[in-house]
>>> print(open('upload_1.cif').read())   # mmCIF, C-alpha atoms; chains and numbers go by the auth columns
data_run
#
loop_
_atom_site.group_PDB
_atom_site.id
_atom_site.type_symbol
_atom_site.label_atom_id
_atom_site.label_comp_id
_atom_site.label_asym_id
_atom_site.label_seq_id
_atom_site.Cartn_x
_atom_site.Cartn_y
_atom_site.Cartn_z
_atom_site.B_iso_or_equiv
_atom_site.auth_seq_id
_atom_site.auth_asym_id
ATOM 1 C CA MET A 1 -48.722 -38.779 92.481 0.00 1009 A
ATOM 2 C CA MET A 2 -48.414 -36.626 89.373 0.00 1010 A
ATOM 3 C CA GLU A 3 -49.189 -38.366 86.086 0.00 1011 A
ATOM 4 C CA PRO A 4 -45.999 -38.526 83.960 0.00 1012 A
ATOM 5 C CA SER A 5 -47.795 -37.122 80.914 0.00 1013 A
ATOM 6 C CA ARG A 6 -48.983 -33.967 82.693 0.00 1014 A
ATOM 7 C CA PHE A 7 -47.242 -30.608 82.981 0.00 1015 A
ATOM 8 C CA VAL A 8 -49.663 -29.327 85.640 0.00 1016 A
ATOM 9 C CA SER A 9 -51.472 -31.567 88.128 0.00 1017 A
ATOM 10 C CA ARG A 10 -54.837 -31.218 89.776 0.00 1018 A
ATOM 11 C CA ARG A 11 -54.839 -29.789 93.288 0.00 1019 A
ATOM 12 C CA GLU A 12 -53.615 -32.237 95.917 0.00 1020 A
ATOM 13 C CA ALA A 13 -53.505 -32.181 99.713 0.00 1021 A
ATOM 14 C CA ILE A 14 -50.384 -30.450 101.029 0.00 1022 A
ATOM 15 C CA SER A 15 -49.462 -33.720 102.774 0.00 1023 A
ATOM 16 C CA SER A 16 -48.813 -35.275 99.344 0.00 1024 A
ATOM 17 C CA LEU A 17 -45.493 -33.408 99.340 0.00 1025 A
ATOM 18 C CA PHE A 18 -44.215 -35.361 102.337 0.00 1026 A
ATOM 19 C CA LEU A 19 -45.232 -38.918 101.560 0.00 1027 A
ATOM 20 C CA GLU A 20 -41.647 -40.162 101.324 0.00 1028 A
ATOM 21 C CA GLN A 21 -40.199 -38.377 104.362 0.00 1029 A
ATOM 22 C CA THR A 22 -40.911 -37.675 107.991 0.00 1030 A
ATOM 23 C CA PRO A 23 -42.479 -34.233 108.286 0.00 1031 A
ATOM 24 C CA GLY A 24 -40.224 -31.735 110.065 0.00 1032 A
ATOM 25 C CA ALA A 25 -40.742 -28.217 111.384 0.00 1033 A
ATOM 26 C CA LYS A 26 -40.849 -26.721 107.867 0.00 1034 A
ATOM 27 C CA HIS A 27 -43.429 -29.263 106.717 0.00 1035 A
ATOM 28 C CA ASN A 28 -45.624 -28.559 109.716 0.00 1036 A
ATOM 29 C CA ASP A 29 -45.283 -24.825 109.160 0.00 1037 A
ATOM 30 C CA LEU A 30 -46.224 -25.250 105.502 0.00 1038 A
ATOM 31 C CA SER A 31 -49.263 -27.375 106.396 0.00 1039 A
ATOM 32 C CA SER A 32 -50.457 -24.744 108.866 0.00 1040 A
ATOM 33 C CA GLN A 33 -50.416 -22.021 106.186 0.00 1041 A
ATOM 34 C CA PHE A 34 -51.397 -23.882 103.005 0.00 1042 A
ATOM 35 C CA SER A 35 -54.085 -26.468 102.380 0.00 1043 A
ATOM 36 C CA SER A 36 -53.161 -27.777 98.949 0.00 1044 A
ATOM 37 C CA VAL A 37 -50.552 -27.867 96.220 0.00 1045 A
ATOM 38 C CA ARG A 38 -50.613 -28.116 92.448 0.00 1046 A
ATOM 39 C CA LYS A 39 -47.534 -29.906 91.171 0.00 1047 A
ATOM 40 C CA ILE A 40 -45.625 -28.781 88.087 0.00 1048 A
ATOM 41 C CA ARG A 41 -43.455 -31.013 85.939 0.00 1049 A
ATOM 42 C CA GLY A 42 -39.765 -30.665 86.788 0.00 1050 A
ATOM 43 C CA ASP A 43 -38.415 -29.948 83.323 0.00 1051 A
ATOM 44 C CA GLY A 44 -36.476 -26.722 83.902 0.00 1052 A
ATOM 45 C CA ASN A 45 -39.509 -24.650 82.906 0.00 1053 A
ATOM 46 C CA CYS A 46 -41.403 -25.122 86.171 0.00 1054 A
ATOM 47 C CA PHE A 47 -41.206 -21.510 87.372 0.00 1055 A
ATOM 48 C CA TYR A 48 -42.606 -20.019 84.149 0.00 1056 A
ATOM 49 C CA ARG A 49 -45.344 -22.627 83.874 0.00 1057 A
ATOM 50 C CA ALA A 50 -46.317 -22.315 87.539 0.00 1058 A
ATOM 51 C CA PHE A 51 -46.243 -18.518 87.409 0.00 1059 A
ATOM 52 C CA CYS A 52 -48.541 -18.280 84.406 0.00 1060 A
ATOM 53 C CA PHE A 53 -51.003 -20.978 85.454 0.00 1061 A
ATOM 54 C CA ALA A 54 -51.285 -19.651 89.009 0.00 1062 A
ATOM 55 C CA HIS A 55 -51.774 -16.028 87.957 0.00 1063 A
ATOM 56 C CA LEU A 56 -54.416 -16.883 85.359 0.00 1064 A
ATOM 57 C CA GLU A 57 -56.191 -19.126 87.864 0.00 1065 A
ATOM 58 C CA SER A 58 -56.188 -16.325 90.446 0.00 1066 A
ATOM 59 C CA ILE A 59 -57.896 -13.864 88.076 0.00 1067 A
ATOM 60 C CA LEU A 60 -60.173 -16.348 86.296 0.00 1068 A
ATOM 61 C CA GLN A 61 -63.350 -14.987 87.879 0.00 1069 A
ATOM 62 C CA SER A 62 -62.556 -11.310 87.303 0.00 1070 A
ATOM 63 C CA ALA A 63 -63.382 -10.147 83.783 0.00 1071 A
ATOM 64 C CA ARG A 64 -61.828 -6.723 84.415 0.00 1072 A
ATOM 65 C CA VAL A 65 -58.494 -8.071 85.682 0.00 1073 A
ATOM 66 C CA LEU A 66 -58.356 -10.708 82.936 0.00 1074 A
ATOM 67 C CA GLN A 67 -58.878 -8.003 80.294 0.00 1075 A
ATOM 68 C CA ARG A 68 -56.171 -5.849 81.870 0.00 1076 A
ATOM 69 C CA PHE A 69 -53.762 -8.792 81.816 0.00 1077 A
ATOM 70 C CA LYS A 70 -54.648 -9.528 78.199 0.00 1078 A
ATOM 71 C CA ASP A 71 -53.948 -5.882 77.295 0.00 1079 A
ATOM 72 C CA ILE A 72 -50.552 -6.024 79.020 0.00 1080 A
ATOM 73 C CA ILE A 73 -49.659 -9.243 77.166 0.00 1081 A
ATOM 74 C CA SER A 74 -50.845 -7.866 73.819 0.00 1082 A
ATOM 75 C CA LYS A 75 -48.749 -4.707 74.199 0.00 1083 A
ATOM 76 C CA SER A 76 -45.690 -6.555 75.511 0.00 1084 A
ATOM 77 C CA GLY A 77 -44.636 -7.471 71.969 0.00 1085 A
ATOM 78 C CA ARG A 78 -43.384 -3.911 71.580 0.00 1086 A
ATOM 79 C CA ASP A 79 -41.030 -4.394 74.527 0.00 1087 A
ATOM 80 C CA VAL A 80 -39.719 -7.623 73.022 0.00 1088 A
ATOM 81 C CA SER A 81 -39.160 -5.874 69.680 0.00 1089 A
ATOM 82 C CA SER A 82 -37.380 -2.956 71.329 0.00 1090 A
ATOM 83 C CA ALA A 83 -34.876 -5.388 72.858 0.00 1091 A
ATOM 84 C CA GLY A 84 -33.823 -6.388 69.344 0.00 1092 A
ATOM 85 C CA PHE A 85 -35.882 -9.522 68.753 0.00 1093 A
ATOM 86 C CA ASP A 86 -37.233 -10.010 65.249 0.00 1094 A
ATOM 87 C CA GLU A 87 -41.020 -10.190 65.295 0.00 1095 A
ATOM 88 C CA SER A 88 -40.929 -13.508 63.439 0.00 1096 A
ATOM 89 C CA SER A 89 -39.148 -15.063 66.444 0.00 1097 A
ATOM 90 C CA PHE A 90 -41.937 -14.334 68.915 0.00 1098 A
ATOM 91 C CA ARG A 91 -45.188 -13.439 67.106 0.00 1099 A
ATOM 92 C CA ASP A 92 -46.581 -16.995 67.076 0.00 1100 A
ATOM 93 C CA HIS A 93 -45.781 -17.456 70.773 0.00 1101 A
ATOM 94 C CA LEU A 94 -47.413 -14.118 71.614 0.00 1102 A
ATOM 95 C CA ASN A 95 -50.529 -15.032 69.627 0.00 1103 A
ATOM 96 C CA THR A 96 -50.723 -18.374 71.462 0.00 1104 A
ATOM 97 C CA PHE A 97 -50.487 -16.603 74.824 0.00 1105 A
ATOM 98 C CA VAL A 98 -53.250 -14.145 73.915 0.00 1106 A
ATOM 99 C CA ASP A 99 -55.393 -17.050 72.695 0.00 1107 A
ATOM 100 C CA VAL A 100 -54.943 -18.827 76.048 0.00 1108 A
ATOM 101 C CA VAL A 101 -56.121 -15.706 77.904 0.00 1109 A
ATOM 102 C CA GLU A 102 -59.095 -15.401 75.532 0.00 1110 A
ATOM 103 C CA GLN A 103 -60.048 -19.017 76.245 0.00 1111 A
ATOM 104 C CA CYS A 104 -59.997 -18.145 79.953 0.00 1112 A
ATOM 105 C CA GLN A 105 -62.231 -15.151 79.253 0.00 1113 A
ATOM 106 C CA ALA A 106 -64.656 -17.330 77.288 0.00 1114 A
ATOM 107 C CA ASP A 107 -65.521 -19.838 79.999 0.00 1115 A
ATOM 108 C CA GLU A 108 -63.689 -18.924 83.243 0.00 1116 A
ATOM 109 C CA GLN A 109 -63.144 -22.603 84.027 0.00 1117 A
ATOM 110 C CA GLU A 110 -60.215 -24.217 85.816 0.00 1118 A
ATOM 111 C CA GLU A 111 -60.657 -27.205 83.482 0.00 1119 A
ATOM 112 C CA THR A 112 -59.835 -24.984 80.496 0.00 1120 A
ATOM 113 C CA LEU A 113 -56.586 -23.883 82.112 0.00 1121 A
ATOM 114 C CA LEU A 114 -55.642 -27.475 82.905 0.00 1122 A
ATOM 115 C CA LYS A 115 -56.411 -28.542 79.353 0.00 1123 A
ATOM 116 C CA VAL A 116 -54.331 -25.856 77.626 0.00 1124 A
ATOM 117 C CA PHE A 117 -51.395 -26.076 80.049 0.00 1125 A
ATOM 118 C CA ASN A 118 -51.215 -29.850 79.622 0.00 1126 A
ATOM 119 C CA GLU A 119 -51.195 -29.584 75.840 0.00 1127 A
ATOM 120 C CA GLN A 120 -47.448 -29.492 75.149 0.00 1128 A
ATOM 121 C CA THR A 121 -47.370 -27.273 72.053 0.00 1129 A
ATOM 122 C CA THR A 122 -49.536 -24.593 73.661 0.00 1130 A
ATOM 123 C CA SER A 123 -47.965 -24.850 77.118 0.00 1131 A
ATOM 124 C CA ASP A 124 -44.391 -24.697 75.830 0.00 1132 A
ATOM 125 C CA SER A 125 -45.247 -21.807 73.505 0.00 1133 A
ATOM 126 C CA VAL A 126 -46.502 -19.747 76.459 0.00 1134 A
ATOM 127 C CA VAL A 127 -43.347 -20.616 78.421 0.00 1135 A
ATOM 128 C CA GLN A 128 -41.146 -19.624 75.487 0.00 1136 A
ATOM 129 C CA TYR A 129 -42.869 -16.251 75.200 0.00 1137 A
ATOM 130 C CA LEU A 130 -42.450 -15.612 78.921 0.00 1138 A
ATOM 131 C CA ARG A 131 -38.765 -16.403 78.565 0.00 1139 A
ATOM 132 C CA LEU A 132 -38.393 -13.969 75.647 0.00 1140 A
ATOM 133 C CA LEU A 133 -40.310 -11.278 77.524 0.00 1141 A
ATOM 134 C CA THR A 134 -38.126 -11.793 80.599 0.00 1142 A
ATOM 135 C CA SER A 135 -35.004 -11.491 78.450 0.00 1143 A
ATOM 136 C CA ALA A 136 -36.355 -8.347 76.794 0.00 1144 A
ATOM 137 C CA TYR A 137 -37.180 -6.720 80.137 0.00 1145 A
ATOM 138 C CA LEU A 138 -33.706 -7.509 81.469 0.00 1146 A
ATOM 139 C CA GLN A 139 -32.049 -6.023 78.386 0.00 1147 A
ATOM 140 C CA ASN A 140 -34.341 -2.984 78.206 0.00 1148 A
ATOM 141 C CA ASN A 141 -33.397 -2.251 81.824 0.00 1149 A
ATOM 142 C CA ALA A 142 -29.765 -3.267 81.516 0.00 1150 A
ATOM 143 C CA ASP A 143 -28.392 -0.423 83.661 0.00 1151 A
ATOM 144 C CA PHE A 144 -30.102 -1.964 86.685 0.00 1152 A
ATOM 145 C CA PHE A 145 -29.978 -5.696 85.963 0.00 1153 A
ATOM 146 C CA CYS A 146 -26.394 -5.949 84.656 0.00 1154 A
ATOM 147 C CA ASN A 147 -25.196 -5.759 88.273 0.00 1155 A
ATOM 148 C CA PHE A 148 -26.902 -9.046 89.141 0.00 1156 A
ATOM 149 C CA VAL A 149 -25.598 -11.476 86.513 0.00 1157 A
ATOM 150 C CA GLU A 150 -22.294 -13.327 86.422 0.00 1158 A
ATOM 151 C CA ALA A 151 -22.098 -14.062 82.695 0.00 1159 A
ATOM 152 C CA PRO A 152 -19.653 -12.050 80.521 0.00 1160 A
ATOM 153 C CA ASN A 153 -22.487 -9.608 79.854 0.00 1161 A
ATOM 154 C CA LEU A 154 -26.250 -9.365 80.150 0.00 1162 A
ATOM 155 C CA LYS A 155 -26.933 -10.291 76.522 0.00 1163 A
ATOM 156 C CA VAL A 156 -24.933 -13.506 76.827 0.00 1164 A
ATOM 157 C CA TYR A 157 -26.693 -14.320 80.101 0.00 1165 A
ATOM 158 C CA CYS A 158 -30.108 -13.795 78.526 0.00 1166 A
ATOM 159 C CA LYS A 159 -29.341 -15.916 75.479 0.00 1167 A
ATOM 160 C CA GLN A 160 -27.852 -18.808 77.456 0.00 1168 A
ATOM 161 C CA GLU A 161 -29.841 -18.791 80.688 0.00 1169 A
ATOM 162 C CA VAL A 162 -33.175 -17.071 80.042 0.00 1170 A
ATOM 163 C CA GLU A 163 -34.280 -17.569 76.441 0.00 1171 A
ATOM 164 C CA THR A 164 -33.276 -21.238 76.292 0.00 1172 A
ATOM 165 C CA MET A 165 -36.010 -23.710 77.210 0.00 1173 A
ATOM 166 C CA ALA A 166 -35.411 -26.037 80.187 0.00 1174 A
ATOM 167 C CA MET A 167 -32.921 -23.666 81.848 0.00 1175 A
ATOM 168 C CA GLU A 168 -33.819 -23.077 85.485 0.00 1176 A
ATOM 169 C CA CYS A 169 -34.551 -19.469 86.339 0.00 1177 A
ATOM 170 C CA ASP A 170 -32.742 -17.238 88.821 0.00 1178 A
ATOM 171 C CA HIS A 171 -34.061 -14.601 91.229 0.00 1179 A
ATOM 172 C CA VAL A 172 -33.212 -11.812 88.785 0.00 1180 A
ATOM 173 C CA ASP A 173 -35.374 -13.444 86.078 0.00 1181 A
ATOM 174 C CA ILE A 174 -38.312 -13.723 88.485 0.00 1182 A
ATOM 175 C CA LEU A 175 -38.018 -10.054 89.411 0.00 1183 A
ATOM 176 C CA ALA A 176 -37.844 -9.025 85.739 0.00 1184 A
ATOM 177 C CA LEU A 177 -40.924 -11.037 84.736 0.00 1185 A
ATOM 178 C CA SER A 178 -42.965 -9.861 87.723 0.00 1186 A
ATOM 179 C CA GLN A 179 -42.190 -6.243 86.832 0.00 1187 A
ATOM 180 C CA ALA A 180 -42.770 -6.756 83.109 0.00 1188 A
ATOM 181 C CA LEU A 181 -46.291 -8.105 83.716 0.00 1189 A
ATOM 182 C CA ASP A 182 -47.044 -6.214 86.950 0.00 1190 A
ATOM 183 C CA VAL A 183 -47.718 -9.422 88.873 0.00 1191 A
ATOM 184 C CA GLY A 184 -46.781 -9.849 92.534 0.00 1192 A
ATOM 185 C CA ILE A 185 -45.375 -13.231 93.579 0.00 1193 A
ATOM 186 C CA HIS A 186 -45.096 -14.877 97.000 0.00 1194 A
ATOM 187 C CA ILE A 187 -42.382 -17.551 97.076 0.00 1195 A
ATOM 188 C CA VAL A 188 -42.153 -19.896 100.049 0.00 1196 A
ATOM 189 C CA SER A 189 -38.734 -21.529 100.195 0.00 1197 A
ATOM 190 C CA MET A 190 -37.912 -24.773 101.969 0.00 1198 A
ATOM 191 C CA GLU A 191 -34.254 -24.544 100.974 0.00 1199 A
ATOM 192 C CA GLY A 192 -31.430 -23.966 103.446 0.00 1200 A
ATOM 193 C CA ASP A 193 -30.587 -25.285 106.898 0.00 1201 A
ATOM 194 C CA GLU A 194 -32.900 -22.993 108.844 0.00 1202 A
ATOM 195 C CA GLN A 195 -35.760 -24.628 110.711 0.00 1203 A
ATOM 196 C CA GLN A 196 -38.237 -22.086 109.371 0.00 1204 A
ATOM 197 C CA LEU A 197 -39.689 -21.397 105.940 0.00 1205 A
ATOM 198 C CA VAL A 198 -38.299 -18.376 104.125 0.00 1206 A
ATOM 199 C CA HIS A 199 -40.821 -16.039 102.491 0.00 1207 A
ATOM 200 C CA HIS A 200 -40.052 -13.771 99.514 0.00 1208 A
ATOM 201 C CA ILE A 201 -42.437 -11.183 98.061 0.00 1209 A
ATOM 202 C CA ILE A 202 -41.448 -10.151 94.534 0.00 1210 A
ATOM 203 C CA PRO A 203 -41.290 -7.270 93.829 0.00 1211 A
ATOM 204 C CA GLU A 204 -40.752 -6.214 97.445 0.00 1212 A
ATOM 205 C CA GLY A 205 -43.892 -4.679 98.906 0.00 1213 A
ATOM 206 C CA ALA A 206 -46.201 -6.038 96.195 0.00 1214 A
ATOM 207 C CA GLU A 207 -49.595 -7.618 96.803 0.00 1215 A
ATOM 208 C CA PRO A 208 -49.029 -11.157 95.454 0.00 1216 A
ATOM 209 C CA SER A 209 -51.644 -12.831 93.272 0.00 1217 A
ATOM 210 C CA LEU A 210 -49.965 -16.235 93.485 0.00 1218 A
ATOM 211 C CA HIS A 211 -48.046 -18.406 95.918 0.00 1219 A
ATOM 212 C CA LEU A 212 -45.234 -20.703 94.809 0.00 1220 A
ATOM 213 C CA LEU A 213 -43.301 -23.310 96.763 0.00 1221 A
ATOM 214 C CA TYR A 214 -39.563 -23.553 96.078 0.00 1222 A
ATOM 215 C CA HIS A 215 -38.075 -26.877 97.152 0.00 1223 A
ATOM 216 C CA THR A 216 -35.221 -29.004 95.811 0.00 1224 A
ATOM 217 C CA ALA A 217 -34.639 -26.391 93.079 0.00 1225 A
ATOM 218 C CA HIS A 218 -38.226 -26.774 91.861 0.00 1226 A
ATOM 219 C CA TYR A 219 -41.447 -24.721 91.874 0.00 1227 A
ATOM 220 C CA ASP A 220 -44.994 -25.891 92.623 0.00 1228 A
ATOM 221 C CA ILE A 221 -48.170 -23.848 93.227 0.00 1229 A
ATOM 222 C CA LEU A 222 -49.498 -23.360 96.772 0.00 1230 A
ATOM 223 C CA TYR A 223 -53.034 -22.560 97.964 0.00 1231 A
ATOM 224 C CA PRO A 224 -53.482 -20.902 101.373 0.00 1232 A
ATOM 225 C CA HIS A 225 -56.072 -22.087 103.851 0.00 1233 A
ATOM 226 C CA PRO A 226 -59.321 -20.196 103.110 0.00 1234 A
ATOM 227 C CA ASN A 227 -59.168 -18.284 106.394 0.00 1235 A
ATOM 228 C CA LEU A 228 -55.626 -16.979 105.832 0.00 1236 A
#
>>> encode(input="upload_1.cif", output="structure tokens")
Amino acid sequence: MMEPSRFVSRREAISSLFLEQTPGAKHNDLSSQFSSVRKIRGDGNCFYRAFCFAHLESILQSARVLQRFKDIISKSGRDVSSAGFDESSFRDHLNTFVDVVEQCQADEQEETLLKVFNEQTTSDSVVQYLRLLTSAYLQNNADFFCNFVEAPNLKVYCKQEVETMAMECDHVDILALSQALDVGIHIVSMEGDEQQLVHHIIPEGAEPSLHLLYHTAHYDILYPHPNL
């Protein structure tokens, strides 16, 4: 059971997802592929928080990859500026994000990640920056992404649905963020009436660094069995 005060839980057995229901074909399939789950608070920000925690955790032991990610984050402020955001609206959030990556570089410990992502000011600041970066990437590539949103226009969509905290994200937002940060994502969906899990690799053809479970309009982090 996830502690109410936490944004990100410790790893739990995959069976903890099914305590209140009889496991079906999808549950059995999930258990055969993944050994554990890390639960994320369902506050509308779960995708962004899960994405960032899982990616940082996956590269924690690689100084070279961590430095590359830090460089991408540090330079991303230019993309946010070019989309028309005033630097004063995102500079503090960007600095917080860079500081989180530097803390990971300093001790390479899972405990550090858990600590910073469960500290609300820091955790929410990282989420807010990811939302602004996603919005900026959508707007900087408007010719492509405008075909995938239903709002009056892309700018309105970004302001209402992407930049605003606690708004659940859509597939187009996930694609934009994965491309903006060059991070591959594997999403396992339990939604729908099919008897089988549905797997999405974003962007298509990428080598994912993280695995997320999508169920009841919510994202948690998955960990494959060691031999898979």
>>> residues_around(input="upload_1.cif", residues="A:Gly1052", least_positions_apart="2", cutoff="10 Å", atoms="all atoms listed in the file", output="VMD selection string")
chain A and resid 1049 to 1050 1054 to 1057 1172 to 1177 1225 to 1227
>>> residues_around(input="upload_1.cif", residues="stretch 1203-1216 of chain A", least_positions_apart="6", cutoff="9 Å", atoms="all atoms listed in the file", output="list of chain:residue names")
A:Gly1032, A:Ala1033, A:Lys1034, A:His1035, A:Asp1037, A:Leu1038, A:Ile1182, A:Leu1183, A:Ala1184, A:Ser1186, A:Gln1187, A:Val1191, A:Gly1192, A:Ile1193, A:His1194, A:Ile1195, A:Val1196, A:Ser1197
>>> atom_distance(input="upload_1.cif", atom1="atom CA of A:Gln1111", atom2="atom CA of A:Ser1017")
19.3 Å
>>> closest_residue(input="upload_1.cif", among="A:Asp1115, A:Asp1228, A:Asp1190, A:Asp1201", to="A:Val1073", atoms="all atoms listed in the file")
A:Asp1190
>>> atom_distance(input="upload_1.cif", atom1="atom CA of A:Gln1113", atom2="atom CA of A:Ala1071")
6.8 Å
>>> resolve_selection(input="upload_1.cif", expression="the PyMOL selection byres ((chain A and resi 1218) around 10)", output="list in words")
Ala1058, Phe1059, Cys1060, Phe1061, Ala1062, His1063, Leu1064, Glu1065, Ser1066, Ile1067, Val1191, Gly1192, Ile1193, His1194, Ile1195, Glu1215, Pro1216, Ser1217, His1219, Leu1220, Ile1229, Leu1230, Tyr1231 and Pro1232 of chain A
>>> residues_around(input="upload_1.cif", residues="A:Ser1131", least_positions_apart="6", cutoff="9 Å", atoms="all atoms listed in the file", output="list in words")
Phe1015, Arg1057, Phe1105, Val1124 and Phe1125 of chain A
>>> resolve_selection(input="upload_1.cif", expression="the PyMOL selection byres ((chain A and resi 1012) around 12)", output="PyMOL selection string")
chain A and resi 1009-1011+1013-1017+1047-1051+1126
>>> atom_distance(input="upload_1.cif", atom1="atom CA of A:Ser1023", atom2="atom CA of A:Lys1123")
25.0 Å
>>> closest_residue(input="upload_1.cif", among="A:Arg1076, A:His1179, A:Arg1046, A:His1233", to="A:Ser1024", atoms="only C-alpha atoms")
A:Arg1046
>>> closest_residue(input="upload_1.cif", among="A:Leu1102, A:Leu1185, A:Leu1221, A:Leu1068", to="A:Ala1144", atoms="all atoms listed in the file")
A:Leu1185
>>> closest_residue(input="upload_1.cif", among="A:Leu1141, A:Gln1117, A:Cys1166, A:Arg1072", to="A:Arg1086", atoms="all atoms listed in the file")
A:Leu1141
